[in-house]
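Next comes start19.cif, with mmCIF, N, CA and C atoms.
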data_target
loop_
_atom_site.group_PDB
_atom_site.id
_atom_site.type_symbol
_atom_site.label_atom_id
_atom_site.label_comp_id
_atom_site.auth_asym_id
_atom_site.auth_seq_id
_atom_site.Cartn_x
_atom_site.Cartn_y
_atom_site.Cartn_z
ATOM 1 N N MET S 105 70.855 49.737 -13.346
ATOM 2 C CA MET S 105 71.791 49.837 -12.248
ATOM 3 C C MET S 105 72.218 48.428 -11.860
ATOM 4 N N THR S 106 73.519 48.208 -11.674
ATOM 5 C CA THR S 106 74.018 46.905 -11.272
ATOM 6 C C THR S 106 74.318 46.919 -9.778
ATOM 7 N N THR S 107 74.155 45.765 -9.186
ATOM 8 C CA THR S 107 74.456 45.667 -7.761
ATOM 9 C C THR S 107 75.811 45.014 -7.594
ATOM 10 N N ALA S 108 76.616 45.562 -6.748
ATOM 11 C CA ALA S 108 77.943 45.013 -6.491
ATOM 12 C C ALA S 108 77.824 43.866 -5.504
ATOM 13 N N THR S 109 78.672 42.864 -5.682
ATOM 14 C CA THR S 109 78.680 41.775 -4.715
ATOM 15 C C THR S 109 79.325 42.254 -3.433
ATOM 16 N N GLN S 110 78.789 41.795 -2.333
ATOM 17 C CA GLN S 110 79.329 42.205 -1.047
ATOM 18 C C GLN S 110 80.583 41.398 -0.752
ATOM 19 N N THR S 111 81.613 42.074 -0.356
ATOM 20 C CA THR S 111 82.854 41.426 0.007
ATOM 21 C C THR S 111 83.474 42.191 1.159
ATOM 22 N N ASN S 112 84.244 41.470 1.946
ATOM 23 C CA ASN S 112 84.912 42.153 3.049
ATOM 24 C C ASN S 112 86.267 42.702 2.620
ATOM 25 N N GLY S 113 86.672 42.434 1.392
ATOM 26 C CA GLY S 113 87.903 42.990 0.861
ATOM 27 C C GLY S 113 89.167 42.332 1.376
ATOM 28 N N LYS S 114 89.059 41.171 2.051
ATOM 29 C CA LYS S 114 90.255 40.539 2.602
ATOM 30 C C LYS S 114 91.160 40.021 1.496
ATOM 31 N N THR S 115 90.681 39.074 0.737
ATOM 32 C CA THR S 115 91.516 38.504 -0.319
ATOM 33 C C THR S 115 90.656 38.115 -1.501
ATOM 34 N N LYS S 116 91.305 37.914 -2.625
ATOM 35 C CA LYS S 116 90.599 37.415 -3.795
ATOM 36 C C LYS S 116 90.256 35.951 -3.630
ATOM 37 N N LEU S 117 91.024 35.248 -2.780
ATOM 38 C CA LEU S 117 90.785 33.827 -2.565
ATOM 39 C C LEU S 117 89.435 33.595 -1.895
ATOM 40 N N THR S 118 89.096 34.387 -0.903
ATOM 41 C CA THR S 118 87.799 34.217 -0.254
ATOM 42 C C THR S 118 86.662 34.521 -1.223
ATOM 43 N N ASP S 119 86.869 35.509 -2.077
ATOM 44 C CA ASP S 119 85.859 35.810 -3.090
ATOM 45 C C ASP S 119 85.723 34.651 -4.078
ATOM 46 N N ALA S 120 86.851 34.029 -4.441
ATOM 47 C CA ALA S 120 86.815 32.892 -5.362
ATOM 48 C C ALA S 120 86.088 31.706 -4.737
ATOM 49 N N PHE S 121 86.364 31.431 -3.459
ATOM 50 C CA PHE S 121 85.636 30.359 -2.764
ATOM 51 C C PHE S 121 84.140 30.634 -2.775
ATOM 52 N N ARG S 122 83.783 31.855 -2.470
ATOM 53 C CA ARG S 122 82.365 32.216 -2.411
ATOM 54 C C ARG S 122 81.709 32.072 -3.782
ATOM 55 N N ASP S 123 82.390 32.521 -4.820
ATOM 56 C CA ASP S 123 81.830 32.459 -6.170
ATOM 57 C C ASP S 123 81.663 31.025 -6.650
ATOM 58 N N HIS S 124 82.662 30.190 -6.409
ATOM 59 C CA HIS S 124 82.653 28.852 -6.990
ATOM 60 C C HIS S 124 81.922 27.817 -6.154
ATOM 61 N N PHE S 125 81.837 28.009 -4.841
ATOM 62 C CA PHE S 125 81.235 26.983 -4.001
ATOM 63 C C PHE S 125 79.857 27.352 -3.482
ATOM 64 N N SER S 126 79.269 28.425 -3.982
ATOM 65 C CA SER S 126 77.889 28.750 -3.618
ATOM 66 C C SER S 126 76.958 28.234 -4.709
ATOM 67 N N GLY S 127 75.735 28.002 -4.369
ATOM 68 C CA GLY S 127 74.768 27.540 -5.357
ATOM 69 C C GLY S 127 74.401 26.087 -5.174
ATOM 70 N N ASP S 128 73.637 25.567 -6.130
ATOM 71 C CA ASP S 128 73.090 24.221 -6.018
ATOM 72 C C ASP S 128 73.774 23.199 -6.909
ATOM 73 N N ALA S 129 74.853 23.551 -7.555
ATOM 74 C CA ALA S 129 75.553 22.614 -8.442
ATOM 75 C C ALA S 129 76.216 21.515 -7.613
ATOM 76 N N PRO S 130 76.454 20.357 -8.224
ATOM 77 C CA PRO S 130 77.169 19.294 -7.507
ATOM 78 C C PRO S 130 78.576 19.744 -7.104
ATOM 79 N N LEU S 131 79.083 19.185 -6.034
ATOM 80 C CA LEU S 131 80.377 19.589 -5.502
ATOM 81 C C LEU S 131 81.502 19.370 -6.509
ATOM 82 N N THR S 132 81.401 18.321 -7.319
ATOM 83 C CA THR S 132 82.456 18.063 -8.305
ATOM 84 C C THR S 132 82.522 19.174 -9.348
ATOM 85 N N GLU S 133 81.373 19.688 -9.762
ATOM 86 C CA GLU S 133 81.357 20.796 -10.726
ATOM 87 C C GLU S 133 81.902 22.073 -10.090
ATOM 88 N N LYS S 134 81.583 22.291 -8.826
ATOM 89 C CA LYS S 134 82.094 23.465 -8.126
ATOM 90 C C LYS S 134 83.611 23.394 -8.011
ATOM 91 N N ALA S 135 84.122 22.216 -7.652
ATOM 92 C CA ALA S 135 85.569 22.048 -7.504
ATOM 93 C C ALA S 135 86.272 22.188 -8.855
ATOM 94 N N ALA S 136 85.682 21.667 -9.909
ATOM 95 C CA ALA S 136 86.287 21.784 -11.239
ATOM 96 C C ALA S 136 86.344 23.248 -11.677
ATOM 97 N N GLY S 137 85.293 23.994 -11.415
ATOM 98 C CA GLY S 137 85.291 25.418 -11.756
ATOM 99 C C GLY S 137 86.337 26.190 -10.969
ATOM 100 N N PHE S 138 86.497 25.852 -9.694
ATOM 101 C CA PHE S 138 87.503 26.513 -8.869
ATOM 102 C C PHE S 138 88.902 26.155 -9.354
ATOM 103 N N ALA S 139 89.120 24.886 -9.727
ATOM 104 C CA ALA S 139 90.436 24.454 -10.197
ATOM 105 C C ALA S 139 90.808 25.146 -11.506
ATOM 106 N N LYS S 140 89.828 25.392 -12.370
ATOM 107 C CA LYS S 140 90.107 26.103 -13.616
ATOM 108 C C LYS S 140 90.450 27.563 -13.352
ATOM 109 N N ALA S 141 89.766 28.162 -12.387
ATOM 110 C CA ALA S 141 89.981 29.577 -12.105
ATOM 111 C C ALA S 141 91.269 29.820 -11.322
ATOM 112 N N ARG S 142 91.621 28.906 -10.419
ATOM 113 C CA ARG S 142 92.793 29.093 -9.560
ATOM 114 C C ARG S 142 93.595 27.804 -9.463
ATOM 115 N N PRO S 143 94.326 27.451 -10.527
ATOM 116 C CA PRO S 143 95.019 26.152 -10.556
ATOM 117 C C PRO S 143 96.121 25.998 -9.504
ATOM 118 N N TRP S 144 96.888 27.048 -9.229
ATOM 119 C CA TRP S 144 97.959 26.929 -8.244
ATOM 120 C C TRP S 144 97.401 26.749 -6.838
ATOM 121 N N THR S 145 96.336 27.435 -6.537
ATOM 122 C CA THR S 145 95.712 27.290 -5.227
ATOM 123 C C THR S 145 95.134 25.894 -5.071
ATOM 124 N N SER S 146 94.513 25.381 -6.110
ATOM 125 C CA SER S 146 93.954 24.038 -6.068
ATOM 126 C C SER S 146 95.044 22.998 -5.860
ATOM 127 N N ALA S 147 96.169 23.167 -6.531
ATOM 128 C CA ALA S 147 97.287 22.234 -6.370
ATOM 129 C C ALA S 147 97.839 22.282 -4.945
ATOM 130 N N ALA S 148 97.927 23.466 -4.386
ATOM 131 C CA ALA S 148 98.419 23.590 -3.012
ATOM 132 C C ALA S 148 97.463 22.926 -2.020
ATOM 133 N N LEU S 149 96.170 23.132 -2.199
ATOM 134 C CA LEU S 149 95.191 22.502 -1.308
ATOM 135 C C LEU S 149 95.221 20.980 -1.436
ATOM 136 N N ALA S 150 95.377 20.479 -2.659
ATOM 137 C CA ALA S 150 95.465 19.031 -2.860
ATOM 138 C C ALA S 150 96.727 18.473 -2.222
ATOM 139 N N GLY S 151 97.826 19.194 -2.310
ATOM 140 C CA GLY S 151 99.067 18.756 -1.685
ATOM 141 C C GLY S 151 98.974 18.689 -0.177
ATOM 142 N N VAL S 152 98.358 19.674 0.422
ATOM 143 C CA VAL S 152 98.185 19.682 1.875
ATOM 144 C C VAL S 152 97.284 18.527 2.310
ATOM 145 N N ALA S 153 96.225 18.285 1.556
ATOM 146 C CA ALA S 153 95.332 17.162 1.882
ATOM 147 C C ALA S 153 96.058 15.832 1.739
ATOM 148 N N ALA S 154 96.891 15.686 0.705
ATOM 149 C CA ALA S 154 97.643 14.448 0.511
ATOM 150 C C ALA S 154 98.633 14.222 1.652
ATOM 151 N N LEU S 155 99.303 15.280 2.089
ATOM 152 C CA LEU S 155 100.220 15.149 3.219
ATOM 153 C C LEU S 155 99.489 14.744 4.491
ATOM 154 N N ALA S 156 98.317 15.290 4.695
ATOM 155 C CA ALA S 156 97.540 14.927 5.882
ATOM 156 C C ALA S 156 97.149 13.457 5.853
ATOM 157 N N VAL S 157 96.731 12.967 4.690
ATOM 158 C CA VAL S 157 96.358 11.555 4.563
ATOM 159 C C VAL S 157 97.579 10.665 4.769
ATOM 160 N N LEU S 158 98.714 11.025 4.161
ATOM 161 C CA LEU S 158 99.934 10.229 4.329
ATOM 162 C C LEU S 158 100.387 10.174 5.780
ATOM 163 N N ASN S 159 100.319 11.284 6.460
ATOM 164 C CA ASN S 159 100.702 11.299 7.876
ATOM 165 C C ASN S 159 99.752 10.478 8.720
ATOM 166 N N THR S 160 98.497 10.452 8.368
ATOM 167 C CA THR S 160 97.520 9.638 9.098
ATOM 168 C C THR S 160 97.792 8.154 8.874
ATOM 169 N N VAL S 161 98.047 7.783 7.636
ATOM 170 C CA VAL S 161 98.301 6.387 7.318
ATOM 171 C C VAL S 161 99.630 5.925 7.905
ATOM 172 N N ARG S 162 100.628 6.780 7.872
ATOM 173 C CA ARG S 162 101.943 6.433 8.402
ATOM 174 C C ARG S 162 101.887 6.166 9.904
ATOM 175 N N GLY S 163 100.995 6.822 10.603
ATOM 176 C CA GLY S 163 100.879 6.651 12.053
ATOM 177 C C GLY S 163 100.268 5.338 12.464
ATOM 178 N N ARG S 164 99.631 4.635 11.529
ATOM 179 C CA ARG S 164 99.011 3.340 11.864
ATOM 180 C C ARG S 164 100.010 2.240 11.582
ATOM 181 N N GLY S 165 99.988 1.233 12.393
ATOM 182 C CA GLY S 165 101.007 0.267 12.135
ATOM 183 C C GLY S 165 100.709 -1.114 12.389
#
Would you write the structure of this file as structure tokens?
Amino acid sequence: MTTATQTNGKTKLTDAFRDHFSGDAPLTEKAAGFAKARPWTSAALAGVAALAVLNTVRGRG
């Protein structure tokens, strides 16, 4: 008998986060696995982070 993973059924993205970022592996390996599984989502998250950094740097003068 197999046990099903518990999920709240909201989105596949939350399940992907849970699958890739749980465990004892280094964060870089977790992020690489997530980027391979969901490349468009990873690109969007990187873009948002880059915009946040640029806006922070632009505000200093």
Nearby residues (only C-alpha atoms) at most 12 Å from range 131-146 of chain S, same-chain spacing under 5 positions excluded, as a ChimeraX atom specification:
/S:116-126,151-153
Work out how far apart atom C of Leu158 in chain S and atom C of Pro130 in chain S are and give it in Å to one decimal.
27.1 Å
Provide an axis-aligned box for all listed atoms of range 129-136 of chain S, padding each side by 6 Å; report its centre and its edge lengths in Å to one decimal, as JSON.
{"center_x": 80.6, "center_y": 20.8, "center_z": -8.6, "size_x": 23.5, "size_y": 17.5, "size_z": 18.2}
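Pairwise distance (atom N of Arg162 in chain S, CA of Ala150 in chain S) equals 17.1 Å.
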Would you fill the gaps in range 127-152 of chain S so it has N, CA, C and O atoms, then print it as a PDB file, keeping the file's coordinate frame?
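Once everything was written out, this is part.pdb:
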ATOM      1  N   GLY S 127      75.735  28.002  -4.369  1.00  0.00           N
ATOM      2  CA  GLY S 127      74.768  27.540  -5.357  1.00  0.00           C
ATOM      3  C   GLY S 127      74.401  26.087  -5.174  1.00  0.00           C
ATOM      4  O   GLY S 127      74.782  25.438  -4.205  1.00  0.00           O
ATOM      5  N   ASP S 128      73.637  25.567  -6.130  1.00  0.00           N
ATOM      6  CA  ASP S 128      73.090  24.221  -6.018  1.00  0.00           C
ATOM      7  C   ASP S 128      73.774  23.199  -6.909  1.00  0.00           C
ATOM      8  O   ASP S 128      73.311  22.079  -7.025  1.00  0.00           O
ATOM      9  N   ALA S 129      74.853  23.551  -7.555  1.00  0.00           N
ATOM     10  CA  ALA S 129      75.553  22.614  -8.442  1.00  0.00           C
ATOM     11  C   ALA S 129      76.216  21.515  -7.613  1.00  0.00           C
ATOM     12  O   ALA S 129      76.520  21.715  -6.435  1.00  0.00           O
ATOM     13  N   PRO S 130      76.454  20.357  -8.224  1.00  0.00           N
ATOM     14  CA  PRO S 130      77.169  19.294  -7.507  1.00  0.00           C
ATOM     15  C   PRO S 130      78.576  19.744  -7.104  1.00  0.00           C
ATOM     16  O   PRO S 130      79.192  20.587  -7.783  1.00  0.00           O
ATOM     17  N   LEU S 131      79.083  19.185  -6.034  1.00  0.00           N
ATOM     18  CA  LEU S 131      80.377  19.589  -5.502  1.00  0.00           C
ATOM     19  C   LEU S 131      81.502  19.370  -6.509  1.00  0.00           C
ATOM     20  O   LEU S 131      82.442  20.167  -6.582  1.00  0.00           O
ATOM     21  N   THR S 132      81.401  18.321  -7.319  1.00  0.00           N
ATOM     22  CA  THR S 132      82.456  18.063  -8.305  1.00  0.00           C
ATOM     23  C   THR S 132      82.522  19.174  -9.348  1.00  0.00           C
ATOM     24  O   THR S 132      83.614  19.565  -9.767  1.00  0.00           O
ATOM     25  N   GLU S 133      81.373  19.688  -9.762  1.00  0.00           N
ATOM     26  CA  GLU S 133      81.357  20.796 -10.726  1.00  0.00           C
ATOM     27  C   GLU S 133      81.902  22.073 -10.090  1.00  0.00           C
ATOM     28  O   GLU S 133      82.608  22.843 -10.735  1.00  0.00           O
ATOM     29  N   LYS S 134      81.583  22.291  -8.826  1.00  0.00           N
ATOM     30  CA  LYS S 134      82.094  23.465  -8.126  1.00  0.00           C
ATOM     31  C   LYS S 134      83.611  23.394  -8.011  1.00  0.00           C
ATOM     32  O   LYS S 134      84.314  24.374  -8.254  1.00  0.00           O
ATOM     33  N   ALA S 135      84.122  22.216  -7.652  1.00  0.00           N
ATOM     34  CA  ALA S 135      85.569  22.048  -7.504  1.00  0.00           C
ATOM     35  C   ALA S 135      86.272  22.188  -8.855  1.00  0.00           C
ATOM     36  O   ALA S 135      87.357  22.781  -8.934  1.00  0.00           O
ATOM     37  N   ALA S 136      85.682  21.667  -9.909  1.00  0.00           N
ATOM     38  CA  ALA S 136      86.287  21.784 -11.239  1.00  0.00           C
ATOM     39  C   ALA S 136      86.344  23.248 -11.677  1.00  0.00           C
ATOM     40  O   ALA S 136      87.348  23.695 -12.248  1.00  0.00           O
ATOM     41  N   GLY S 137      85.293  23.994 -11.415  1.00  0.00           N
ATOM     42  CA  GLY S 137      85.291  25.418 -11.756  1.00  0.00           C
ATOM     43  C   GLY S 137      86.337  26.190 -10.969  1.00  0.00           C
ATOM     44  O   GLY S 137      87.020  27.064 -11.511  1.00  0.00           O
ATOM     45  N   PHE S 138      86.497  25.852  -9.694  1.00  0.00           N
ATOM     46  CA  PHE S 138      87.503  26.513  -8.869  1.00  0.00           C
ATOM     47  C   PHE S 138      88.902  26.155  -9.354  1.00  0.00           C
ATOM     48  O   PHE S 138      89.784  27.009  -9.413  1.00  0.00           O
ATOM     49  N   ALA S 139      89.120  24.886  -9.727  1.00  0.00           N
ATOM     50  CA  ALA S 139      90.436  24.454 -10.197  1.00  0.00           C
ATOM     51  C   ALA S 139      90.808  25.146 -11.506  1.00  0.00           C
ATOM     52  O   ALA S 139      91.978  25.460 -11.735  1.00  0.00           O
ATOM     53  N   LYS S 140      89.828  25.392 -12.370  1.00  0.00           N
ATOM     54  CA  LYS S 140      90.107  26.103 -13.616  1.00  0.00           C
ATOM     55  C   LYS S 140      90.450  27.563 -13.352  1.00  0.00           C
ATOM     56  O   LYS S 140      91.314  28.138 -13.995  1.00  0.00           O
ATOM     57  N   ALA S 141      89.766  28.162 -12.387  1.00  0.00           N
ATOM     58  CA  ALA S 141      89.981  29.577 -12.105  1.00  0.00           C
ATOM     59  C   ALA S 141      91.269  29.820 -11.322  1.00  0.00           C
ATOM     60  O   ALA S 141      91.943  30.826 -11.527  1.00  0.00           O
ATOM     61  N   ARG S 142      91.621  28.906 -10.419  1.00  0.00           N
ATOM     62  CA  ARG S 142      92.793  29.093  -9.560  1.00  0.00           C
ATOM     63  C   ARG S 142      93.595  27.804  -9.463  1.00  0.00           C
ATOM     64  O   ARG S 142      93.565  27.109  -8.447  1.00  0.00           O
ATOM     65  N   PRO S 143      94.326  27.451 -10.527  1.00  0.00           N
ATOM     66  CA  PRO S 143      95.019  26.152 -10.556  1.00  0.00           C
ATOM     67  C   PRO S 143      96.121  25.998  -9.504  1.00  0.00           C
ATOM     68  O   PRO S 143      96.280  24.927  -8.936  1.00  0.00           O
ATOM     69  N   TRP S 144      96.888  27.048  -9.229  1.00  0.00           N
ATOM     70  CA  TRP S 144      97.959  26.929  -8.244  1.00  0.00           C
ATOM     71  C   TRP S 144      97.401  26.749  -6.838  1.00  0.00           C
ATOM     72  O   TRP S 144      97.944  25.978  -6.042  1.00  0.00           O
ATOM     73  N   THR S 145      96.336  27.435  -6.537  1.00  0.00           N
ATOM     74  CA  THR S 145      95.712  27.290  -5.227  1.00  0.00           C
ATOM     75  C   THR S 145      95.134  25.894  -5.071  1.00  0.00           C
ATOM     76  O   THR S 145      95.269  25.277  -4.009  1.00  0.00           O
ATOM     77  N   SER S 146      94.513  25.381  -6.110  1.00  0.00           N
ATOM     78  CA  SER S 146      93.954  24.038  -6.068  1.00  0.00           C
ATOM     79  C   SER S 146      95.044  22.998  -5.860  1.00  0.00           C
ATOM     80  O   SER S 146      94.877  22.049  -5.092  1.00  0.00           O
ATOM     81  N   ALA S 147      96.169  23.167  -6.531  1.00  0.00           N
ATOM     82  CA  ALA S 147      97.287  22.234  -6.370  1.00  0.00           C
ATOM     83  C   ALA S 147      97.839  22.282  -4.945  1.00  0.00           C
ATOM     84  O   ALA S 147      98.160  21.239  -4.360  1.00  0.00           O
ATOM     85  N   ALA S 148      97.927  23.466  -4.386  1.00  0.00           N
ATOM     86  CA  ALA S 148      98.419  23.590  -3.012  1.00  0.00           C
ATOM     87  C   ALA S 148      97.463  22.926  -2.020  1.00  0.00           C
ATOM     88  O   ALA S 148      97.904  22.221  -1.110  1.00  0.00           O
ATOM     89  N   LEU S 149      96.170  23.132  -2.199  1.00  0.00           N
ATOM     90  CA  LEU S 149      95.191  22.502  -1.308  1.00  0.00           C
ATOM     91  C   LEU S 149      95.221  20.980  -1.436  1.00  0.00           C
ATOM     92  O   LEU S 149      95.135  20.265  -0.434  1.00  0.00           O
ATOM     93  N   ALA S 150      95.377  20.479  -2.659  1.00  0.00           N
ATOM     94  CA  ALA S 150      95.465  19.031  -2.860  1.00  0.00           C
ATOM     95  C   ALA S 150      96.727  18.473  -2.222  1.00  0.00           C
ATOM     96  O   ALA S 150      96.708  17.389  -1.625  1.00  0.00           O
ATOM     97  N   GLY S 151      97.826  19.194  -2.310  1.00  0.00           N
ATOM     98  CA  GLY S 151      99.067  18.756  -1.685  1.00  0.00           C
ATOM     99  C   GLY S 151      98.974  18.689  -0.177  1.00  0.00           C
ATOM    100  O   GLY S 151      99.449  17.734   0.450  1.00  0.00           O
ATOM    101  N   VAL S 152      98.358  19.674   0.422  1.00  0.00           N
ATOM    102  CA  VAL S 152      98.185  19.682   1.875  1.00  0.00           C
ATOM    103  C   VAL S 152      97.284  18.527   2.310  1.00  0.00           C
ATOM    104  O   VAL S 152      97.568  17.845   3.299  1.00  0.00           O
TER     105      VAL S 152
END
